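**Q** The structure follows.
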Amino acid sequence: MVKIIEDIMDFLKSIPPFEFLSDEVINSVTVKTSMEYYPKGTHILIQDGAPSEFLYIIKKGGVKVYRKVESEEIVIDYRSEGDSFGFVSLMSGDKSRANIVAIDDTICYLIPKETILNLINRYSEVRDFFLRSFMSIYLDKGYREEQSKRAITSTVDKILFTTPVEEIATKNVITVPENTSIRDAAKMMCENSISSLIIIDSEGIPVGIITDKDLRRKVVASARDVNDPVKNIMSYPIIKIDAKDLCFEAVVRMLKYNIHHLLVIKNGKIDGIITNHDIMMLQGLSPITIVRDLEIQQTAEGLMNAAKQMNTVVGNLISQGAKASNITRIITEINDRIIRKIIQFAEREFGQPPVPYCWLALGSEGRKEQTFKTDQDNALIYTDPPPAQQEAVQKYFLEFTAYIKENLLICGFPPCPGDIMASNPKWCQPLKIWKKYFSQWIYTPKGENINLSNIFFDFRGIYGDLSLEENLRDYLLGIVKDQKVFLGYLANLAVRNKPPLGFFKTFVVEKSGEHKDKLNLKIKGIAPIVDIIRLFSLEKGIRETSTLERIEALKSKHTVVRDYADEIIYAFEFLMLLRIKKQYEQVLKGNMPNNFIDPESLSNLEKKLLKDTFQLISKLQDILIERYKLMII
Amino acid sequence: MIKFFRKKREKSIISKKLIGDTDFVVVDTELTGLNEFKDNIIAIGAIKMKGRTIKIGDVFYRTVSPSTKKFRKESIMIHEITPSELENCPKIDPILKEFIEFSKDCLLVGHCVNVDLTFLKREIRTALRVIFEPFAIDTLLIYKWLIKRGILPMHFSDKNSLEDIALSMDIEPKELHDALSDAFTTAQIFQKLLAYLGDIRIFTVGELLDIGSGDESRYQVLIKKEAYPL
């Protein structure tokens, strides 16, 4: 055996789907393989360019997969050693759907299209592996096209992977003997308004199917005699699927046999037909499944059950390569709906509130950056009541918020350890008191007040009279702008946590304790960015609360953000995604999600990106120190 | 004289070809020693490239039973092929024929390719009575040229061995002194060198030959001696 071929075989053997194949087969693939070198910055595939003729497997380096939509770059994925690309375009023969650019000097093994098709035809493991990835990318595409329009309707479904075929199959199946004339068969299809008939032989065994397409192509277009028996025009063999199989399996079979109908069998008998149209309908409906489910619930327990699907949705989004900001937007949207439902239950329980009010989400919920279940962080503003009613109004809202707190708990939102919740009388106040709080924090910035500002100033109204929220925000932005001392304190807080990079650009990790050798992504990475961007937003009177929206709004107003916007967005998305992925793994294992990661568990590419991110944070902190030099303590 | 003219005419044709459309054979030979007159080829390893693409499956590897009995000790140390191992190997004649067939219509590429070429020419002449006169490109010359042009860093200029050059270009030299592995390492070096040349818009074989032609005896066996510190 030749050594260099052996080395490449060993490499292929370590990555799916080749790991399932015998040495002999891998050898036959390897001798067809070529090796290419792409210096950093090379575009390997071009969006809308020629279809890919190879499956590219990354041996060394890494690539970015992105699409350009109306001059905006949408990053779809990063791939590194052992990952592949080019498959979808290779399979479909369509023009490449995305740009692939080398983000490092990159070496790829290229396996020719013919070799891959051969493997797919001969080995079911290879077929399933690629179809699975193909499907997820396909779904992903639909998802991306939607996502610019609406947040929630764009959740891609787990449905394909969890729904048994029988749930969506058409049950109205009509069988006809194979000698039936084409004319009679067509008549039967018209009378029953169905698009297909199952053809059975003399023993009643299904042998084929005729569809509208067969009638068009094989009868009308070729002027066939309509008195011919249907068996002359039927499509066969007919592919069956068990009623209990998942819809995903149905998709795989349709793709494999290039057909659009499958016969559904239950306990050995014909149970129905499933078509690609049924599956498309399923996907079309699925994005809003959770939301629809939530809307019909009338109890907290019901909401809890519906909310359970969220982890699966997040898992799917992760596996489909969704951006972190899209994942958190969807989580936020779902959580918001849960809270709104519970508030509605509370209104039902205690009767209409005596004065208009607005429920506020704070912290990460206010910024729409929630990942997995987080603590309750909320507050309530109500319209200043006439003095005589003050006490009664307060009593109403305290009972009201206590009820909401309990029910949120049922739905899996633990109470805030610092008691920053609307059920705490301190944080359930009329507008004028809120204004007093805010001005106090800003004019006497010390200790606790600064921390409270960081939590409360990301407030976002999610239910009730939103003009109260607007009113409070106008007030805040009006008084905060020129408060140099207060802003200095915030700056101080934003530079407090230095990124964990050592002198030789190594990661600095926890030295002992439960999280030894790990680093805290939230404190060392995400929080500094959030804090810096909040500070800039307050400086410039930006109304947005989410970090990414704030950056967009600041681009035209703040010189630092103008210079670094893309880098900051990229770094933030990267950190958030790393955290979500990690937390999802923890959730799957049944552990409580936390914010720690072990840098050694990251791929080389991730390590490099993480270092770049920390260096950027460090640079921003230096800029901050320079700008606020008098204030930094 | 006739041959000389023929080659000159061929050169004018081949010079216009684009590097990307050109077939290369990256070759490495293992020898019993470096004496041009006494020593022999004991192994030939080669791998094909089309432009920058390395064709993993298109490889050639044969070991040869040498005609010389004077097997040099240091060569054994380099290649780890012992005389007894070689006794079971086929004679060189058919292997050379196969190699000529394998490298047909291709440009030869090698690290200090002159050394390999000198031995191949002589062995082919004596064994087959055929003149073997391919165009050849020396990766070391291209490497040095890129340093001179300031495209590769100056401090690379003291590097001559295949191993050092591979390491300087972030290529892992595997199984050094195995003819095929060395050819593969050389191919990877050539691949990256071509990428650098592409950056400065060098795309034709003619330009490539001007920079790195191994035909002229600009570099002598001496270099290869340096390249293998014994």
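Each chain in the structure tokens gets a letter, A, B, ..., in the order shown, and its residues are numbered from 1; ligands are numbered from 1 in order too.
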Could you produce a table of the residues of chain B lying within 8 Å of chain A, with the nearest pair of atoms per residue and their separation in Å rounded to one decimal, using only C-alpha atoms, ordered by chain and increasing residue number, as JSON lines?
**A**
```
{"residue": "B:Arg52", "atom": "CA", "partner": "A:Glu36", "partner_atom": "CA", "distance": 6.7}
{"residue": "B:Thr53", "atom": "CA", "partner": "A:Glu36", "partner_atom": "CA", "distance": 5.3}
{"residue": "B:Ile54", "atom": "CA", "partner": "A:Met35", "partner_atom": "CA", "distance": 4.9}
{"residue": "B:Lys55", "atom": "CA", "partner": "A:Ser34", "partner_atom": "CA", "distance": 4.4}
{"residue": "B:Ile56", "atom": "CA", "partner": "A:Ser34", "partner_atom": "CA", "distance": 5.2}
{"residue": "B:Gly57", "atom": "CA", "partner": "A:Val31", "partner_atom": "CA", "distance": 3.5}
{"residue": "B:Asp58", "atom": "CA", "partner": "A:Val31", "partner_atom": "CA", "distance": 7.1}
{"residue": "B:Leu180", "atom": "CA", "partner": "A:Ile4", "partner_atom": "CA", "distance": 7.7}
{"residue": "B:Ser181", "atom": "CA", "partner": "A:Ile4", "partner_atom": "CA", "distance": 6.4}
{"residue": "B:Phe184", "atom": "CA", "partner": "A:Ile4", "partner_atom": "CA", "distance": 7.5}
{"residue": "B:Gln191", "atom": "CA", "partner": "A:Tyr37", "partner_atom": "CA", "distance": 6.8}
{"residue": "B:Lys192", "atom": "CA", "partner": "A:Tyr37", "partner_atom": "CA", "distance": 6.8}
{"residue": "B:Ala195", "atom": "CA", "partner": "A:Pro39", "partner_atom": "CA", "distance": 7.3}
```
**Q** Could you take the residues named above and write them with N, CA and C atoms, as a PDB file, in the first residue's frame?
**A**
```pdb
ATOM      1  N   ARG B  52      -2.455  23.449 -10.445  1.00  0.00           N
ATOM      2  CA  ARG B  52      -2.212  23.384  -9.003  1.00  0.00           C
ATOM      3  C   ARG B  52      -2.829  22.158  -8.342  1.00  0.00           C
ATOM      4  N   THR B  53      -3.559  21.362  -9.123  1.00  0.00           N
ATOM      5  CA  THR B  53      -4.272  20.234  -8.525  1.00  0.00           C
ATOM      6  C   THR B  53      -3.384  19.003  -8.399  1.00  0.00           C
ATOM      7  N   ILE B  54      -3.267  18.498  -7.189  1.00  0.00           N
ATOM      8  CA  ILE B  54      -2.494  17.267  -6.984  1.00  0.00           C
ATOM      9  C   ILE B  54      -3.436  16.089  -7.132  1.00  0.00           C
ATOM     10  N   LYS B  55      -3.077  15.157  -8.021  1.00  0.00           N
ATOM     11  CA  LYS B  55      -3.939  13.994  -8.231  1.00  0.00           C
ATOM     12  C   LYS B  55      -3.454  12.837  -7.382  1.00  0.00           C
ATOM     13  N   ILE B  56      -4.159  12.681  -6.263  1.00  0.00           N
ATOM     14  CA  ILE B  56      -3.736  11.728  -5.244  1.00  0.00           C
ATOM     15  C   ILE B  56      -3.580  10.311  -5.792  1.00  0.00           C
ATOM     16  N   GLY B  57      -4.471   9.924  -6.682  1.00  0.00           N
ATOM     17  CA  GLY B  57      -4.449   8.538  -7.156  1.00  0.00           C
ATOM     18  C   GLY B  57      -3.446   8.293  -8.273  1.00  0.00           C
ATOM     19  N   ASP B  58      -2.940   9.372  -8.873  1.00  0.00           N
ATOM     20  CA  ASP B  58      -2.040   9.223 -10.020  1.00  0.00           C
ATOM     21  C   ASP B  58      -0.597   9.174  -9.553  1.00  0.00           C
ATOM     22  N   LEU B 180       8.369   8.364  -2.912  1.00  0.00           N
ATOM     23  CA  LEU B 180       7.025   8.854  -3.197  1.00  0.00           C
ATOM     24  C   LEU B 180       6.604   9.930  -2.190  1.00  0.00           C
ATOM     25  N   SER B 181       6.919   9.717  -0.922  1.00  0.00           N
ATOM     26  CA  SER B 181       6.553  10.725   0.073  1.00  0.00           C
ATOM     27  C   SER B 181       7.257  12.045  -0.220  1.00  0.00           C
ATOM     28  N   PHE B 184       5.569  13.707  -3.014  1.00  0.00           N
ATOM     29  CA  PHE B 184       4.313  14.288  -2.552  1.00  0.00           C
ATOM     30  C   PHE B 184       4.570  15.601  -1.803  1.00  0.00           C
ATOM     31  N   GLN B 191       2.671  23.318  -5.333  1.00  0.00           N
ATOM     32  CA  GLN B 191       1.293  23.833  -5.316  1.00  0.00           C
ATOM     33  C   GLN B 191       1.259  25.237  -4.702  1.00  0.00           C
ATOM     34  N   LYS B 192       1.924  25.383  -3.561  1.00  0.00           N
ATOM     35  CA  LYS B 192       1.911  26.689  -2.900  1.00  0.00           C
ATOM     36  C   LYS B 192       2.729  27.716  -3.681  1.00  0.00           C
ATOM     37  N   ALA B 195       0.728  29.128  -6.313  1.00  0.00           N
ATOM     38  CA  ALA B 195      -0.241  30.105  -5.799  1.00  0.00           C
ATOM     39  C   ALA B 195       0.420  31.479  -5.670  1.00  0.00           C
TER      40      ALA B 195
END
```
**Q** Please give the complete set of residues from region 112-183 of chain B that DSSP, run on the backbone, assigns to alpha helix (DSSP H), formatted as a PDB file with C-alpha atoms, in the first residue's frame.
**A**
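And here's states-v4.pdb as it stands now:
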```pdb
ATOM      1  CA  VAL B 113      15.442  18.227 -10.174  1.00  0.00           C
ATOM      2  CA  ASN B 114      18.806  18.312 -11.962  1.00  0.00           C
ATOM      3  CA  VAL B 115      20.114  15.523  -9.812  1.00  0.00           C
ATOM      4  CA  ASP B 116      17.147  13.284 -10.538  1.00  0.00           C
ATOM      5  CA  LEU B 117      17.271  14.254 -14.176  1.00  0.00           C
ATOM      6  CA  THR B 118      20.977  13.502 -14.521  1.00  0.00           C
ATOM      7  CA  PHE B 119      20.518   9.980 -13.205  1.00  0.00           C
ATOM      8  CA  LEU B 120      17.294   9.337 -15.106  1.00  0.00           C
ATOM      9  CA  LYS B 121      18.893  10.472 -18.374  1.00  0.00           C
ATOM     10  CA  ARG B 122      21.935   8.287 -17.876  1.00  0.00           C
ATOM     11  CA  GLU B 123      20.041   5.200 -16.770  1.00  0.00           C
ATOM     12  CA  ILE B 124      17.552   5.541 -19.584  1.00  0.00           C
ATOM     13  CA  ARG B 125      20.315   6.028 -22.127  1.00  0.00           C
ATOM     14  CA  THR B 126      22.270   2.980 -20.990  1.00  0.00           C
ATOM     15  CA  ALA B 127      19.326   0.699 -20.330  1.00  0.00           C
ATOM     16  CA  LEU B 128      16.943   1.658 -23.114  1.00  0.00           C
ATOM     17  CA  THR B 139      11.060  23.950  -7.018  1.00  0.00           C
ATOM     18  CA  LEU B 140      14.148  25.137  -5.164  1.00  0.00           C
ATOM     19  CA  LEU B 141      14.899  27.673  -7.902  1.00  0.00           C
ATOM     20  CA  ILE B 142      11.343  29.011  -7.759  1.00  0.00           C
ATOM     21  CA  TYR B 143      11.569  29.211  -3.990  1.00  0.00           C
ATOM     22  CA  LYS B 144      14.825  31.175  -4.188  1.00  0.00           C
ATOM     23  CA  TRP B 145      13.387  33.424  -6.870  1.00  0.00           C
ATOM     24  CA  LEU B 146      10.361  34.249  -4.708  1.00  0.00           C
ATOM     25  CA  ILE B 147      12.725  35.177  -1.880  1.00  0.00           C
ATOM     26  CA  LYS B 148      14.696  37.413  -4.201  1.00  0.00           C
ATOM     27  CA  LEU B 162      13.337  19.572   1.210  1.00  0.00           C
ATOM     28  CA  GLU B 163      12.450  19.241   4.851  1.00  0.00           C
ATOM     29  CA  ASP B 164      13.344  22.825   5.776  1.00  0.00           C
ATOM     30  CA  ILE B 165      11.537  24.233   2.777  1.00  0.00           C
ATOM     31  CA  ALA B 166       8.440  22.167   3.497  1.00  0.00           C
ATOM     32  CA  LEU B 167       8.404  23.306   7.128  1.00  0.00           C
ATOM     33  CA  SER B 168       8.926  26.935   6.143  1.00  0.00           C
ATOM     34  CA  ALA B 179      10.802   8.581  -2.946  1.00  0.00           C
ATOM     35  CA  LEU B 180       7.025   8.854  -3.197  1.00  0.00           C
ATOM     36  CA  SER B 181       6.553  10.725   0.073  1.00  0.00           C
ATOM     37  CA  ASP B 182       9.269  13.179  -0.947  1.00  0.00           C
ATOM     38  CA  ALA B 183       7.611  13.605  -4.338  1.00  0.00           C
TER      39      ALA B 183
END
```
**Q** Tell me which protein, DNA and RNA residues are within 12 Å of Pro386 (chain A), counting only C-alpha atoms, leaving out same-chain ones fewer than 5 positions away, and put them as a PDB file with N, CA and C atoms, in the first residue's frame.
**A**
```pdb
ATOM      1  N   PRO A 354     -57.204  48.676  37.546  1.00  0.00           N
ATOM      2  CA  PRO A 354     -57.827  49.980  37.818  1.00  0.00           C
ATOM      3  C   PRO A 354     -57.238  51.102  36.965  1.00  0.00           C
ATOM      4  N   VAL A 355     -55.945  51.011  36.621  1.00  0.00           N
ATOM      5  CA  VAL A 355     -55.322  52.033  35.751  1.00  0.00           C
ATOM      6  C   VAL A 355     -54.474  51.314  34.704  1.00  0.00           C
ATOM      7  N   GLU A 391     -53.516  53.482  47.244  1.00  0.00           N
ATOM      8  CA  GLU A 391     -53.343  52.258  48.014  1.00  0.00           C
ATOM      9  C   GLU A 391     -54.040  51.071  47.354  1.00  0.00           C
ATOM     10  N   ALA A 392     -55.266  51.320  46.889  1.00  0.00           N
ATOM     11  CA  ALA A 392     -56.041  50.244  46.264  1.00  0.00           C
ATOM     12  C   ALA A 392     -55.363  49.750  44.989  1.00  0.00           C
ATOM     13  N   VAL A 393     -54.864  50.726  44.233  1.00  0.00           N
ATOM     14  CA  VAL A 393     -54.193  50.371  42.973  1.00  0.00           C
ATOM     15  C   VAL A 393     -52.957  49.507  43.256  1.00  0.00           C
ATOM     16  N   GLN A 394     -52.193  49.930  44.227  1.00  0.00           N
ATOM     17  CA  GLN A 394     -50.982  49.180  44.556  1.00  0.00           C
ATOM     18  C   GLN A 394     -51.326  47.763  44.995  1.00  0.00           C
ATOM     19  N   PRO A 430     -45.800  53.349  40.158  1.00  0.00           N
ATOM     20  CA  PRO A 430     -46.334  54.274  39.153  1.00  0.00           C
ATOM     21  C   PRO A 430     -45.199  54.991  38.412  1.00  0.00           C
TER      22      PRO A 430
END
```
**Q** Which of these, B:Asp138, B:Asp170, B:Asp93, B:Glu175, has the shortest distance to Gly110 (chain B) once you count only C-alpha atoms?
**A**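 Ranking B:Asp138, B:Asp170, B:Asp93, B:Glu175 by distance to Gly110 (chain B), first place goes to B:Asp138.
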**Q** For Asn471 (chain A), please output as a PDB file with C-alpha atoms, in the first residue's frame all residues within 10 Å (counting only C-alpha atoms; exclusion window: fewer than 4 positions along the same chain).
**A**
```
ATOM      1  CA  LEU A 431     -44.557  56.156  36.396  1.00  0.00           C
ATOM      2  CA  LYS A 435     -38.727  58.536  36.949  1.00  0.00           C
ATOM      3  CA  LEU A 466     -46.759  50.624  25.758  1.00  0.00           C
ATOM      4  CA  SER A 467     -47.006  54.426  25.854  1.00  0.00           C
ATOM      5  CA  TYR A 475     -37.429  60.664  30.254  1.00  0.00           C
ATOM      6  CA  LEU A 476     -34.361  58.453  30.624  1.00  0.00           C
TER       7      LEU A 476
END
```
**Q** Can you pull out every residue within 10 Å of Thr42 (chain A), counting only C-alpha atoms, but drop anything in the same chain fewer than 4 positions away, and send it as a PDB file with N, CA and C atoms, in the first residue's frame?
**A**
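Saved as result-v2.pdb:
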```
ATOM      1  N   TYR A  37      -4.984  23.633  -2.978  1.00  0.00           N
ATOM      2  CA  TYR A  37      -4.546  24.601  -1.974  1.00  0.00           C
ATOM      3  C   TYR A  37      -5.186  25.946  -2.308  1.00  0.00           C
ATOM      4  N   TYR A  38      -5.875  26.535  -1.330  1.00  0.00           N
ATOM      5  CA  TYR A  38      -6.498  27.835  -1.527  1.00  0.00           C
ATOM      6  C   TYR A  38      -5.919  28.828  -0.528  1.00  0.00           C
ATOM      7  N   VAL A  63     -13.242  27.639   6.009  1.00  0.00           N
ATOM      8  CA  VAL A  63     -13.944  28.470   5.031  1.00  0.00           C
ATOM      9  C   VAL A  63     -15.174  29.110   5.659  1.00  0.00           C
ATOM     10  N   ILE A 100     -18.245  30.490  -1.066  1.00  0.00           N
ATOM     11  CA  ILE A 100     -17.360  29.824  -0.118  1.00  0.00           C
ATOM     12  C   ILE A 100     -16.009  30.505  -0.238  1.00  0.00           C
ATOM     13  N   VAL A 101     -15.552  31.081   0.866  1.00  0.00           N
ATOM     14  CA  VAL A 101     -14.263  31.774   0.804  1.00  0.00           C
ATOM     15  C   VAL A 101     -13.343  31.199   1.879  1.00  0.00           C
ATOM     16  N   ALA A 102     -12.077  31.017   1.513  1.00  0.00           N
ATOM     17  CA  ALA A 102     -11.105  30.501   2.479  1.00  0.00           C
ATOM     18  C   ALA A 102     -10.780  31.613   3.470  1.00  0.00           C
ATOM     19  N   ILE A 103     -10.945  31.348   4.770  1.00  0.00           N
ATOM     20  CA  ILE A 103     -10.629  32.387   5.752  1.00  0.00           C
ATOM     21  C   ILE A 103      -9.271  32.126   6.378  1.00  0.00           C
ATOM     22  N   ASP A 104      -8.589  31.161   5.846  1.00  0.00           N
ATOM     23  CA  ASP A 104      -7.245  30.833   6.288  1.00  0.00           C
ATOM     24  C   ASP A 104      -6.640  30.118   5.089  1.00  0.00           C
ATOM     25  N   ASP A 105      -5.324  29.954   5.057  1.00  0.00           N
ATOM     26  CA  ASP A 105      -4.762  29.126   3.994  1.00  0.00           C
ATOM     27  C   ASP A 105      -5.376  27.741   4.149  1.00  0.00           C
ATOM     28  N   THR A 106      -5.997  27.251   3.080  1.00  0.00           N
ATOM     29  CA  THR A 106      -6.831  26.062   3.224  1.00  0.00           C
ATOM     30  C   THR A 106      -6.458  24.987   2.209  1.00  0.00           C
TER      31      THR A 106
END
```
